[in-house]
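Pasting coords-v8.cif here (mmCIF, C-alpha atoms and all ligand atoms):
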```
data_work
loop_
_atom_site.label_atom_id
_atom_site.label_comp_id
_atom_site.auth_asym_id
_atom_site.auth_seq_id
_atom_site.Cartn_x
_atom_site.Cartn_y
_atom_site.Cartn_z
CA MET A 10 20.35 162.93 114.73
CA ASN A 11 22.07 166.13 115.77
CA VAL A 12 19.70 166.65 118.71
CA PRO A 13 20.94 165.26 122.04
CA VAL A 14 18.69 162.63 123.59
CA ILE A 15 17.53 163.57 127.09
CA GLY A 16 16.91 160.95 129.81
CA PHE A 17 17.99 158.05 127.59
CA SER A 18 18.80 155.76 130.52
CA LYS A 19 15.23 156.18 131.84
CA LEU A 20 13.64 154.88 128.62
CA SER A 21 12.46 151.26 128.52
CA LYS A 22 14.49 148.82 126.44
CA THR A 23 11.93 148.92 123.64
CA GLU A 24 11.88 152.71 123.71
CA LYS A 25 15.68 152.76 123.45
CA VAL A 26 15.56 150.44 120.43
CA ASN A 27 12.86 152.57 118.79
CA TRP A 28 14.94 155.71 119.36
CA LEU A 29 17.96 153.99 117.76
CA VAL A 30 15.97 152.85 114.73
CA THR A 31 14.60 156.35 114.18
CA ALA A 32 17.81 158.26 114.92
CA TYR A 33 20.32 156.03 113.13
CA PHE A 34 18.46 153.74 110.72
CA ASN A 35 15.87 156.04 109.16
CA GLY A 36 13.08 153.91 110.63
CA ASP A 37 14.38 150.73 108.96
CA THR A 38 13.27 147.90 111.27
CA THR A 39 16.00 145.51 110.05
CA ALA A 40 18.07 146.97 112.89
CA SER A 41 15.46 146.22 115.55
CA ASP A 42 14.99 142.73 114.07
CA ILE A 43 18.70 142.01 114.60
CA ILE A 44 18.56 143.43 118.12
CA THR A 45 15.49 141.49 119.23
CA ARG A 46 16.68 138.21 117.67
CA TYR A 47 19.45 138.20 120.27
CA TRP A 48 17.06 138.66 123.21
CA ASN A 49 16.81 135.58 125.37
CA ASP A 50 13.37 133.90 125.54
CA ASP A 51 13.93 133.29 129.22
CA LYS A 52 12.72 136.61 130.66
CA LYS A 53 14.48 136.24 133.99
CA LEU A 54 17.79 135.37 132.33
CA GLN A 55 17.44 138.34 130.00
CA GLU A 56 16.77 140.63 132.95
CA LEU A 57 19.91 139.33 134.64
CA HIS A 58 21.99 140.21 131.57
CA ASP A 59 20.28 143.58 131.13
CA GLY A 60 21.28 144.39 134.69
CA PHE A 61 25.00 143.83 134.11
CA SER A 62 25.32 147.17 132.37
CA GLU A 63 23.60 150.48 131.64
CA ASN A 64 21.49 151.13 128.52
CA THR A 65 21.57 147.48 127.43
CA ILE A 66 19.56 146.86 124.25
CA THR A 67 20.58 143.28 123.44
CA ASN A 68 23.20 140.56 124.01
CA TYR A 69 26.51 140.21 122.20
CA TYR A 70 27.44 136.53 121.81
CA PHE A 71 30.97 135.21 122.05
CA PRO A 72 31.74 131.57 121.24
CA PHE A 73 32.25 129.62 124.48
CA GLY A 74 34.48 126.63 123.72
CA LEU A 75 36.47 123.92 125.45
CA ALA A 76 40.14 123.01 125.22
CA PRO A 77 40.45 119.56 126.81
CA ASN A 78 43.46 117.41 127.77
CA PHE A 79 45.54 119.96 129.67
CA LEU A 80 47.81 118.10 132.09
CA ILE A 81 48.46 120.67 134.83
CA ASP A 82 50.53 119.63 137.86
CA ASP A 83 49.65 116.00 137.06
CA LYS A 84 45.88 116.65 136.90
CA LEU A 85 43.80 116.63 133.71
CA VAL A 86 41.94 119.89 133.13
CA THR A 87 39.43 120.99 130.47
CA ILE A 88 39.78 124.73 129.96
CA PRO A 89 36.67 126.81 129.10
CA MET A 90 37.49 129.63 126.69
CA ALA A 91 35.34 132.54 125.47
CA ILE A 92 36.89 133.92 122.28
CA GLU A 93 35.86 134.92 118.78
CA GLU A 94 39.18 134.32 116.95
CA SER A 95 38.68 131.11 115.02
CA SER A 96 42.07 129.40 115.51
CA VAL A 97 42.65 130.06 119.22
CA VAL A 98 40.83 127.14 120.87
CA ALA A 99 42.21 124.74 118.24
CA ALA A 100 45.73 126.02 118.94
CA ALA A 101 45.28 125.62 122.71
CA SER A 102 44.04 122.07 122.25
CA LYS A 103 46.99 121.27 120.01
CA ALA A 104 49.48 122.55 122.60
CA ALA A 105 47.64 120.63 125.35
CA LYS A 106 47.97 117.41 123.37
CA PHE A 107 51.67 118.01 122.64
CA TRP A 108 52.53 118.51 126.33
CA LEU A 109 50.14 115.80 127.54
CA GLU A 110 52.60 113.33 126.04
CA ARG A 111 55.65 115.14 127.47
CA GLY A 112 54.99 115.63 131.18
CA GLY A 113 52.40 118.41 131.07
CA PHE A 114 52.47 121.93 132.50
CA LYS A 115 53.95 122.79 135.91
CA THR A 116 52.80 125.84 137.84
CA GLN A 117 53.78 127.71 140.95
CA ILE A 118 52.23 130.73 142.66
CA LYS A 119 55.03 133.18 143.46
CA SER A 120 52.96 135.73 145.41
CA THR A 121 49.39 137.06 145.63
CA ILE A 122 49.77 140.61 146.89
CA LYS A 123 47.86 143.52 145.32
CA SER A 124 48.19 147.20 146.03
CA GLY A 125 46.37 150.50 146.00
CA GLN A 126 47.33 154.11 146.66
CA VAL A 127 45.89 157.25 148.18
CA HIS A 128 47.50 159.92 145.98
CA LEU A 129 48.39 163.10 147.84
CA MET A 130 49.88 166.53 147.29
CA TYR A 131 51.84 168.44 149.92
CA HIS A 132 54.12 171.39 149.23
CA GLY A 133 55.64 171.85 152.69
CA LEU A 134 58.69 170.09 154.11
CA ASN A 135 59.08 166.34 153.74
CA SER A 136 59.88 166.12 157.47
CA GLU A 137 56.45 167.65 158.26
CA MET A 138 54.69 165.07 156.09
CA GLU A 139 56.60 162.30 157.85
CA ALA A 140 55.76 163.73 161.27
CA PHE A 141 52.10 163.91 160.28
CA TYR A 142 52.12 160.31 159.06
CA ALA A 143 53.65 159.15 162.37
CA PHE A 144 50.92 161.16 164.18
CA ALA A 145 48.07 159.69 162.05
CA LYS A 146 49.14 156.11 161.35
CA ALA A 147 47.51 154.34 164.32
CA ASP A 148 44.17 156.08 163.62
CA LEU A 149 44.44 155.34 159.90
CA LEU A 150 44.80 151.63 160.70
CA GLN A 151 42.11 151.73 163.38
CA SER A 152 39.62 153.34 160.98
CA ILE A 153 39.68 150.45 158.51
CA GLN A 154 39.32 147.65 161.06
CA SER A 155 35.65 146.95 160.42
CA ILE A 156 36.10 147.04 156.61
CA ASN A 157 39.02 144.67 157.03
CA ALA A 158 37.34 142.26 159.45
CA SER A 159 35.72 139.71 157.14
CA MET A 160 38.68 139.65 154.73
CA LYS A 161 40.94 139.11 157.76
CA LYS A 162 38.81 136.16 158.86
CA ARG A 163 39.46 134.59 155.45
CA GLY A 164 43.21 135.04 155.96
CA GLY A 165 43.56 138.25 153.96
CA GLY A 166 43.21 141.99 154.46
CA LEU A 167 45.55 144.94 154.57
CA GLN A 168 49.17 143.77 154.70
CA SER A 169 51.12 147.02 154.91
CA LEU A 170 50.70 150.77 154.78
CA GLU A 171 53.47 153.27 154.12
CA LEU A 172 53.95 156.87 153.17
CA VAL A 173 55.94 157.18 149.95
CA ASN A 174 57.71 160.37 148.92
CA LYS A 175 57.35 160.81 145.16
CA THR A 176 58.38 164.46 145.03
CA GLU A 177 61.31 163.64 142.76
CA ASN A 178 58.83 162.42 140.13
CA LEU A 179 56.28 165.21 140.60
CA ASP A 180 56.52 168.32 142.75
CA GLY A 181 54.59 167.84 146.00
CA TYR A 182 53.49 164.27 145.20
CA TYR A 183 53.19 161.71 148.02
CA GLN A 184 51.18 158.55 148.39
CA LEU A 185 49.87 156.19 151.00
CA HIS A 186 50.89 152.88 149.46
CA ALA A 187 48.81 150.00 150.82
CA THR A 188 49.24 146.29 150.05
CA PHE A 189 46.49 143.70 150.32
CA GLU A 190 45.81 139.97 150.31
CA THR A 191 42.31 139.38 148.97
CA LYS A 192 42.23 135.54 148.91
CA ASP A 193 39.59 134.28 146.41
CA ALA A 194 38.20 137.72 145.63
CA MET A 195 39.64 139.91 142.89
CA GLY A 196 39.27 142.45 145.67
CA ALA A 197 38.65 145.68 143.75
CA ASN A 198 35.70 146.78 145.91
CA PHE A 199 37.41 145.80 149.16
CA ILE A 200 40.60 147.64 148.20
CA ASN A 201 38.82 150.77 146.98
CA THR A 202 36.56 150.94 150.04
CA THR A 203 39.59 150.58 152.32
CA LEU A 204 41.52 153.27 150.45
CA GLU A 205 38.61 155.71 150.53
CA GLN A 206 38.27 155.22 154.30
CA LEU A 207 42.03 155.80 154.69
CA ALA A 208 41.63 159.01 152.70
CA THR A 209 38.74 160.19 154.89
CA THR A 210 40.69 159.52 158.10
CA PHE A 211 43.77 161.15 156.57
CA ARG A 212 41.77 164.35 155.92
CA GLU A 213 40.30 164.32 159.45
CA LYS A 214 43.69 163.83 161.12
CA ALA A 215 45.18 166.59 158.96
CA THR A 216 42.77 169.10 160.52
CA GLU A 217 44.06 168.10 164.01
CA PHE A 218 47.77 168.26 163.17
CA LYS A 219 49.53 171.50 164.08
CA GLY A 220 52.90 170.93 162.38
CA PHE A 221 52.19 171.94 158.75
CA SER A 222 54.07 175.06 157.62
CA SER A 223 52.00 175.31 154.41
CA ASP A 224 48.44 174.24 153.42
CA ALA A 225 47.47 170.79 154.74
CA PRO A 226 48.08 167.86 152.36
CA GLU A 227 45.39 167.37 149.74
CA VAL A 228 43.92 163.99 148.82
CA ILE A 229 43.77 163.83 145.01
CA MET A 230 42.31 160.33 144.64
CA SER A 231 42.19 156.83 146.10
CA ILE A 232 42.21 153.76 143.85
CA LEU A 233 43.54 150.23 143.55
CA SER A 234 46.35 149.53 141.11
CA ASN A 235 45.93 147.07 138.24
CA TYR A 236 49.70 146.79 138.12
CA VAL A 237 50.26 143.60 140.10
CA PRO A 238 53.95 142.62 139.90
CA GLN A 239 53.54 140.93 143.29
CA CYS A 240 50.59 138.75 142.22
CA VAL A 241 52.43 136.38 139.95
CA VAL A 242 52.20 132.78 138.79
CA ASN A 243 55.01 130.85 137.13
CA VAL A 244 54.18 128.26 134.45
CA SER A 245 56.57 125.99 132.59
CA VAL A 246 56.91 123.01 130.29
CA SER A 247 60.06 121.02 129.75
CA CYS A 248 61.23 117.90 127.92
CA LYS A 249 64.34 116.26 126.49
CA ILE A 250 65.13 117.37 122.93
CA ASP A 251 64.77 113.82 121.64
CA GLU A 252 61.23 113.70 123.07
CA ILE A 253 60.18 116.54 120.78
CA GLY A 254 60.26 114.38 117.64
CA THR A 255 59.96 115.76 114.12
CA ILE A 256 57.54 118.67 113.78
CA ASN A 257 56.16 119.55 110.35
CA GLY A 258 59.35 118.17 108.78
CA VAL A 259 61.65 119.99 111.25
CA SER A 260 63.84 117.90 113.61
CA GLY A 261 63.33 118.30 117.38
CA ALA A 262 66.78 119.91 117.80
CA ASP A 263 66.15 122.41 114.99
CA PHE A 264 62.67 123.13 116.29
CA ALA A 265 63.98 123.86 119.83
CA ARG A 266 66.79 126.04 118.43
CA LYS A 267 64.50 128.09 116.19
CA PHE A 268 61.81 128.29 118.87
CA THR A 269 64.32 129.64 121.40
CA ARG A 270 65.57 132.20 118.87
CA ALA A 271 62.00 133.32 118.20
CA VAL A 272 61.52 133.97 121.92
CA ASP A 273 64.90 135.77 122.09
CA ILE A 274 63.78 138.03 119.23
CA ALA A 275 60.57 138.91 121.09
CA THR A 276 62.68 139.65 124.16
CA VAL A 277 64.79 142.31 122.41
CA GLU A 278 62.46 143.63 119.68
CA PRO A 279 59.28 145.48 120.75
CA TYR A 280 57.68 145.20 117.27
CA ARG A 281 57.75 141.43 117.66
CA ALA A 282 57.16 141.41 121.45
CA VAL A 283 53.76 143.07 121.11
CA THR A 284 52.47 140.46 118.64
CA HIS A 285 54.12 137.64 120.61
CA ASN A 286 52.40 138.80 123.81
CA LYS A 287 49.13 139.40 121.94
CA GLY A 288 49.16 135.69 121.11
CA ILE A 289 49.65 134.91 124.83
CA MET A 290 46.68 137.16 125.67
CA ASN A 291 44.54 135.18 123.19
CA GLY A 292 44.75 132.36 125.73
CA ILE A 293 44.71 134.41 128.91
CA ASP A 294 41.79 136.67 127.95
CA ALA A 295 39.69 133.72 126.77
CA VAL A 296 39.83 132.13 130.25
CA VAL A 297 39.49 135.47 132.03
CA ILE A 298 36.33 136.27 130.03
CA ALA A 299 34.86 132.76 130.33
CA THR A 300 35.23 132.94 134.12
CA GLY A 301 33.69 136.41 134.39
CA ASN A 302 36.89 138.20 135.38
CA ASP A 303 37.98 141.68 134.30
CA PHE A 304 40.09 141.23 131.15
CA ARG A 305 40.89 144.95 130.83
CA ALA A 306 42.49 144.92 134.27
CA VAL A 307 44.48 141.81 133.36
CA GLU A 308 45.53 143.24 129.98
CA ALA A 309 46.73 146.52 131.51
CA GLY A 310 48.64 144.74 134.27
CA VAL A 311 50.26 142.18 131.99
CA HIS A 312 51.49 144.72 129.45
CA ALA A 313 52.88 146.99 132.17
CA TYR A 314 54.71 143.96 133.58
CA ALA A 315 56.12 143.21 130.12
CA SER A 316 57.79 146.63 130.18
CA ARG A 317 58.88 146.67 133.82
CA ASP A 318 62.58 147.23 132.98
CA GLY A 319 61.77 150.17 130.68
CA GLN A 320 61.44 148.21 127.41
CA TYR A 321 58.46 146.18 126.26
CA ARG A 322 59.57 142.53 126.07
CA SER A 323 58.35 138.96 125.63
CA LEU A 324 56.56 137.57 128.67
CA THR A 325 57.84 134.08 127.93
CA ARG A 326 61.37 132.65 128.10
CA ALA A 327 62.83 129.60 126.35
CA ARG A 328 66.14 127.78 126.66
CA VAL A 329 67.94 124.60 125.73
CA GLU A 330 70.29 123.30 128.42
CA ASN A 331 71.75 119.80 128.82
CA ASP A 332 69.63 118.51 125.93
CA THR A 333 66.50 119.76 127.67
CA PHE A 334 64.08 122.27 126.18
CA THR A 335 62.34 124.53 128.72
CA PHE A 336 59.67 127.11 128.01
CA GLU A 337 58.23 129.24 130.79
CA ALA A 338 56.66 132.51 131.89
CA ASP A 339 55.71 134.58 134.89
CA PHE A 340 52.31 136.18 134.52
CA PRO A 341 50.87 138.84 136.85
CA LEU A 342 47.23 137.82 137.18
CA ALA A 343 44.81 139.33 139.70
CA LEU A 344 41.78 137.04 139.41
CA GLY A 345 38.81 136.24 141.56
CA THR A 346 36.60 133.19 141.94
CA VAL A 347 34.03 134.73 144.27
CA GLY A 348 31.96 137.88 143.84
CA GLY A 349 31.47 140.01 140.74
CA LEU A 350 30.28 138.59 137.43
CA THR A 351 31.92 135.27 138.31
CA SER A 352 29.13 134.53 140.78
CA LEU A 353 26.35 136.02 138.62
CA HIS A 354 26.78 135.04 134.96
CA PRO A 355 25.40 131.51 134.45
CA LEU A 356 28.14 130.71 131.91
CA SER A 357 30.89 131.95 134.26
CA LYS A 358 29.44 129.76 136.99
CA LEU A 359 29.46 126.88 134.52
CA ALA A 360 33.08 127.63 133.59
CA MET A 361 33.96 127.53 137.29
CA ARG A 362 32.30 124.15 137.64
CA ILE A 363 34.17 122.80 134.61
CA LEU A 364 37.35 123.90 136.40
CA GLY A 365 36.24 122.20 139.64
CA ASN A 366 35.31 125.46 141.42
CA PRO A 367 38.93 126.59 141.73
CA SER A 368 40.45 128.92 144.29
CA ALA A 369 41.80 132.20 142.88
CA GLU A 370 45.30 130.68 142.97
CA ASP A 371 44.15 127.65 140.99
CA LEU A 372 42.45 129.91 138.45
CA MET A 373 45.68 131.92 138.12
CA LYS A 374 47.46 128.64 137.32
CA VAL A 375 44.97 127.47 134.67
CA THR A 376 44.90 130.91 133.03
CA ALA A 377 48.69 131.04 132.93
CA VAL A 378 48.81 127.58 131.37
CA CYS A 379 46.41 128.69 128.63
CA GLY A 380 48.62 131.73 127.94
CA LEU A 381 51.81 129.68 127.70
CA ALA A 382 50.05 127.03 125.58
CA GLN A 383 48.82 129.67 123.16
CA ASN A 384 52.31 131.12 122.75
CA PHE A 385 53.72 127.61 122.27
CA ALA A 386 51.16 126.85 119.57
CA ALA A 387 51.81 130.13 117.75
CA LEU A 388 55.61 129.72 117.76
CA HIS A 389 55.24 126.04 116.88
CA SER A 390 53.55 127.14 113.64
CA LEU A 391 55.63 130.27 113.05
CA VAL A 392 58.99 128.48 113.10
CA THR A 393 57.78 125.55 110.97
CA THR A 394 54.91 125.92 108.48
CA GLY A 395 54.12 129.58 109.11
CA ILE A 396 50.91 130.79 110.73
CA GLN A 397 48.63 131.13 107.71
CA ALA A 398 48.16 127.47 106.83
CA GLY A 399 46.42 126.63 110.12
CA HIS A 400 44.93 130.04 110.64
CA MET A 401 43.23 130.24 107.26
CA LYS A 402 42.02 126.66 107.53
CA MET A 403 40.06 127.69 110.63
CA HIS A 404 39.09 131.00 109.07
CA ILE A 405 37.71 129.34 105.92
CA VAL A 406 34.35 128.84 107.68
CA ASN A 407 33.97 132.62 108.07
CA MET A 408 35.22 133.22 104.53
CA LEU A 409 32.72 130.79 103.01
CA GLU A 410 29.94 132.55 104.89
CA GLN A 411 31.09 135.91 103.57
CA ILE A 412 31.22 134.83 99.91
CA GLY A 413 27.66 133.48 100.21
CA ALA A 414 28.31 129.78 99.60
CA ASN A 415 25.41 127.43 100.42
CA ASP A 416 25.90 124.28 102.54
CA ALA A 417 26.69 121.97 99.61
CA GLU A 418 29.09 124.52 98.10
CA LYS A 419 30.78 125.02 101.49
CA ALA A 420 31.45 121.28 101.77
CA GLN A 421 32.83 121.18 98.21
CA LEU A 422 35.04 124.23 98.74
CA LYS A 423 36.42 122.89 102.03
CA GLN A 424 37.34 119.70 100.21
CA ALA A 425 38.94 121.62 97.33
CA PHE A 426 41.06 123.72 99.72
CA GLN A 427 42.09 120.88 102.04
CA ASP A 428 45.77 121.16 101.10
CA LYS A 429 45.85 124.82 100.08
CA THR A 430 45.86 128.11 101.98
CA PRO A 431 42.49 129.68 101.08
CA SER A 432 42.18 133.33 100.04
CA PHE A 433 38.96 135.24 99.29
CA SER A 434 39.81 135.58 95.60
CA ALA A 435 40.73 131.91 95.18
CA LEU A 436 37.57 130.81 96.99
CA ARG A 437 35.37 133.14 94.92
CA GLU A 438 36.97 131.98 91.69
CA THR A 439 36.46 128.34 92.56
CA LEU A 440 32.87 129.02 93.64
CA ASP A 441 32.15 130.85 90.36
CA GLY A 442 33.64 127.90 88.48
CA MET A 443 31.46 125.46 90.41
CA ARG A 444 28.32 127.51 89.74
CA LYS A 445 29.03 127.71 86.01
CA LYS A 446 29.18 123.93 85.67
C1 LIG B 501 47.24 135.94 116.31
O1 LIG B 501 46.06 136.22 117.00
C2 LIG B 501 48.37 135.72 117.27
C3 LIG B 501 49.76 135.52 116.63
O2 LIG B 501 50.06 136.62 115.78
C4 LIG B 501 50.73 135.46 117.77
C5 LIG B 501 52.19 135.45 117.35
O3 LIG B 501 52.53 135.96 116.30
O4 LIG B 501 52.98 134.91 118.16
C6 LIG B 501 49.78 134.28 115.81
#
```
Let's see the structure in the file written out as structure tokens.
Amino acid sequence: MNVPVIGFSKLSKTEKVNWLVTAYFNGDTTASDIITRYWNDDKKLQELHDGFSENTITNYYFPFGLAPNFLIDDKLVTIPMAIEESSVVAAASKAAKFWLERGGFKTQIKSTIKSGQVHLMYHGLNSEMEAFYAFAKADLLQSIQSINASMKKRGGGLQSLELVNKTENLDGYYQLHATFETKDAMGANFINTTLEQLATTFREKATEFKGFSSDAPEVIMSILSNYVPQCVVNVSVSCKIDEIGTINGVSGADFARKFTRAVDIATVEPYRAVTHNKGIMNGIDAVVIATGNDFRAVEAGVHAYASRDGQYRSLTRARVENDTFTFEADFPLALGTVGGLTSLHPLSKLAMRILGNPSAEDLMKVTAVCGLAQNFAALHSLVTTGIQAGHMKMHIVNMLEQIGANDAEKAQLKQAFQDKTPSFSALRETLDGMRKK
């Protein structure tokens, strides 16, 4: 176990599994049994999945579920969601139903611009760097024309390029800040290829420029940014207070008041904001994963956006004005509907078809709706019954599995805990009681 394994990536899948069983499981083949049980019988499909990553030994399943009845901009949508947390799809469906009867969700794309930077260091005068940029700019733009061509044909491509002086933040630090429109592509490869070409041309032009008083500027790195405050979708729901009705014994007016306060608390209190936004990401990530998009990129961008004024805050806003309750959010979402896993993973392709093969903008809208719906459902429970009643009811299935109940016992226990919040100890006690009879 303490000996490094050499050439691991070159071993066949079976050889990798055998190595694992020997090195970590003392030769116990229970491990390889688990691993091989998750292999797909369809060889070609398995090869496709193996190819998604390096050193793949098996597949890791996530539940792929549906949340139907979302009324989005007057159209009914069924949202595909890939998520393992038991109450999330149920909560989304509940929120969909609530707003289906109250006008549905409204969405609006605010902007779809992404950015990337070539990060540079230069320790001479700022005026020299500016003179160099003026000298090089036309060639910088010229050098990316062929990379840009097909994206331009689709109505996208590089939108702007500027030299930014960041020396106040870090001694000698400059950047080429480039903005992009990538249409239906998430655009990571296009942006990174463009930036790397800009960096190459930048280096070449620097050797021709005679006006540097110190060493020529150095390219540190070129990479897209997952911070996308200019790629934002707005989503909202709204209804008259008297349309809310009584919720879990709470009047519509009280519900709206407490709900708004709960959002205000998450706006000013980071301890609450993180959990509040985590609930939003339950919905957003589930759609992002189901559609084969990069959820880590979305997570990083969303949380940075939540702290854009220097404090981490709620992403959603709620208000009551003129007897009308409004709940809304702006979400920065850089998503793609062409290229990447989206076009390769059979379940992502299926998710796209369920959504009517949306454009990237339409996918931004659906994803944002799922995020707002999730937050609505969570606050709906939190300010009325509390979260545990519903949560544990969904979780009971996992708990019954863990305490080793058989099918008949599971049915009996579910019945016994219909009106109670289940805990492990209470379930075990009841099961023991049942078995003694
Ligand atoms: C659990 O996954 C998410 C919640 O904690 C979100 C929230 O508290 O708003 C229920």
Ser136 (chain A): which residues within 12 Å, counting all atoms listed in the file, same-chain residues fewer than 2 positions away excluded, as a list in words?
->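 Using all atoms listed in the file, the neighbours found are Tyr131, His132, Gly133, Leu134, Met138, Glu139, Ala140, Phe141, Tyr142, Ala143, Leu172, Asn174, Gly220, Phe221 and Ser222 of chain A.
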Environment of ligand LIG 501 (chain B) within 7 Å, counting all atoms listed in the file, reported as a PyMOL selection string | chain A and resi 284-288+291+384+387-388+396
Would you write out those residues with C-alpha atoms, as an mmCIF file, in the coordinates of the input?
```
data_model
loop_
_atom_site.group_PDB
_atom_site.id
_atom_site.type_symbol
_atom_site.label_atom_id
_atom_site.label_comp_id
_atom_site.auth_asym_id
_atom_site.auth_seq_id
_atom_site.Cartn_x
_atom_site.Cartn_y
_atom_site.Cartn_z
ATOM 1 C CA THR A 284 52.470 140.460 118.640
ATOM 2 C CA HIS A 285 54.120 137.640 120.610
ATOM 3 C CA ASN A 286 52.400 138.800 123.810
ATOM 4 C CA LYS A 287 49.130 139.400 121.940
ATOM 5 C CA GLY A 288 49.160 135.690 121.110
ATOM 6 C CA ASN A 291 44.540 135.180 123.190
ATOM 7 C CA ASN A 384 52.310 131.120 122.750
ATOM 8 C CA ALA A 387 51.810 130.130 117.750
ATOM 9 C CA LEU A 388 55.610 129.720 117.760
ATOM 10 C CA ILE A 396 50.910 130.790 110.730
#
```
Which neighbours of Ala327 (chain A) fall inside 6 Å, counting only C-alpha atoms, when residues of the same chain fewer than 6 positions from it are skipped, and could you give them as a list in words?
->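 Surrounding residues, per the criterion: Thr269, Thr335 and Phe336 of chain A.
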Resulting file, chosen residues, C-alpha atoms, as a tab-separated table (two decimals), in the frame of the given file:
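Result went into result-v6.tsv, see below:
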```tsv
chain	number	residue	atom	x	y	z
A	269	THR	CA	64.32	129.64	121.40
A	335	THR	CA	62.34	124.53	128.72
A	336	PHE	CA	59.67	127.11	128.01
```
Fewer than 3 positions away in the same chain doesn't count, so skip those; otherwise give me all residues within 12 Å of region 430-436 of chain A, counting only C-alpha atoms, as a ChimeraX atom specification.
-> /A:394-414,418-419,421-427,439-443
List every residue of region 348-403 of chain A that has an atom at most 12 Å from any atom of region 71-82 of chain A, giving for each one its closest atom pair and the distance in Å to one decimal, counting all atoms listed in the file, sorted by chain and then by ascending residue number, as JSON lines.
```
{"residue": "A:Leu356", "atom": "CA", "partner": "A:Phe73", "partner_atom": "CA", "distance": 8.6}
{"residue": "A:Ser357", "atom": "CA", "partner": "A:Phe73", "partner_atom": "CA", "distance": 10.1}
{"residue": "A:Leu359", "atom": "CA", "partner": "A:Phe73", "partner_atom": "CA", "distance": 10.8}
{"residue": "A:Ala360", "atom": "CA", "partner": "A:Phe73", "partner_atom": "CA", "distance": 9.4}
{"residue": "A:Ile363", "atom": "CA", "partner": "A:Leu75", "partner_atom": "CA", "distance": 9.5}
{"residue": "A:Leu364", "atom": "CA", "partner": "A:Pro77", "partner_atom": "CA", "distance": 11.0}
{"residue": "A:Asp371", "atom": "CA", "partner": "A:Ile81", "partner_atom": "CA", "distance": 10.3}
{"residue": "A:Leu372", "atom": "CA", "partner": "A:Ile81", "partner_atom": "CA", "distance": 11.6}
{"residue": "A:Lys374", "atom": "CA", "partner": "A:Ile81", "partner_atom": "CA", "distance": 8.4}
{"residue": "A:Val375", "atom": "CA", "partner": "A:Ile81", "partner_atom": "CA", "distance": 7.6}
{"residue": "A:Thr376", "atom": "CA", "partner": "A:Ile81", "partner_atom": "CA", "distance": 11.0}
{"residue": "A:Ala377", "atom": "CA", "partner": "A:Ile81", "partner_atom": "CA", "distance": 10.5}
{"residue": "A:Val378", "atom": "CA", "partner": "A:Ile81", "partner_atom": "CA", "distance": 7.7}
{"residue": "A:Cys379", "atom": "CA", "partner": "A:Phe79", "partner_atom": "CA", "distance": 8.8}
{"residue": "A:Leu381", "atom": "CA", "partner": "A:Phe79", "partner_atom": "CA", "distance": 11.7}
{"residue": "A:Ala382", "atom": "CA", "partner": "A:Phe79", "partner_atom": "CA", "distance": 9.3}
{"residue": "A:Gln383", "atom": "CA", "partner": "A:Ala76", "partner_atom": "CA", "distance": 11.1}
```
At a cut-off of 10 Å, can you tabulate as a Markdown table every residue of region 226-297 of chain A near region 112-124 of chain A together with its closest atom pair and the distance in Å to one decimal, using only C-alpha atoms and ordering rows by chain then number?
```
| residue | atom | partner | partner_atom | distance |
| --- | --- | --- | --- | --- |
| A:Ile232 | CA | A:Ser124 | CA | 9.1 |
| A:Leu233 | CA | A:Ser124 | CA | 6.1 |
| A:Ser234 | CA | A:Ser124 | CA | 5.7 |
| A:Asn235 | CA | A:Ser124 | CA | 8.1 |
| A:Tyr236 | CA | A:Ser124 | CA | 8.1 |
| A:Val237 | CA | A:Lys123 | CA | 5.7 |
| A:Pro238 | CA | A:Lys123 | CA | 8.2 |
| A:Gln239 | CA | A:Ile122 | CA | 5.2 |
| A:Cys240 | CA | A:Thr121 | CA | 4.0 |
| A:Val241 | CA | A:Lys119 | CA | 5.4 |
| A:Val242 | CA | A:Ile118 | CA | 4.4 |
| A:Asn243 | CA | A:Gln117 | CA | 5.1 |
| A:Val244 | CA | A:Thr116 | CA | 4.4 |
| A:Ser245 | CA | A:Lys115 | CA | 5.3 |
| A:Val246 | CA | A:Phe114 | CA | 5.1 |
| A:Ser247 | CA | A:Gly112 | CA | 7.5 |
| A:Cys248 | CA | A:Gly112 | CA | 7.4 |
```
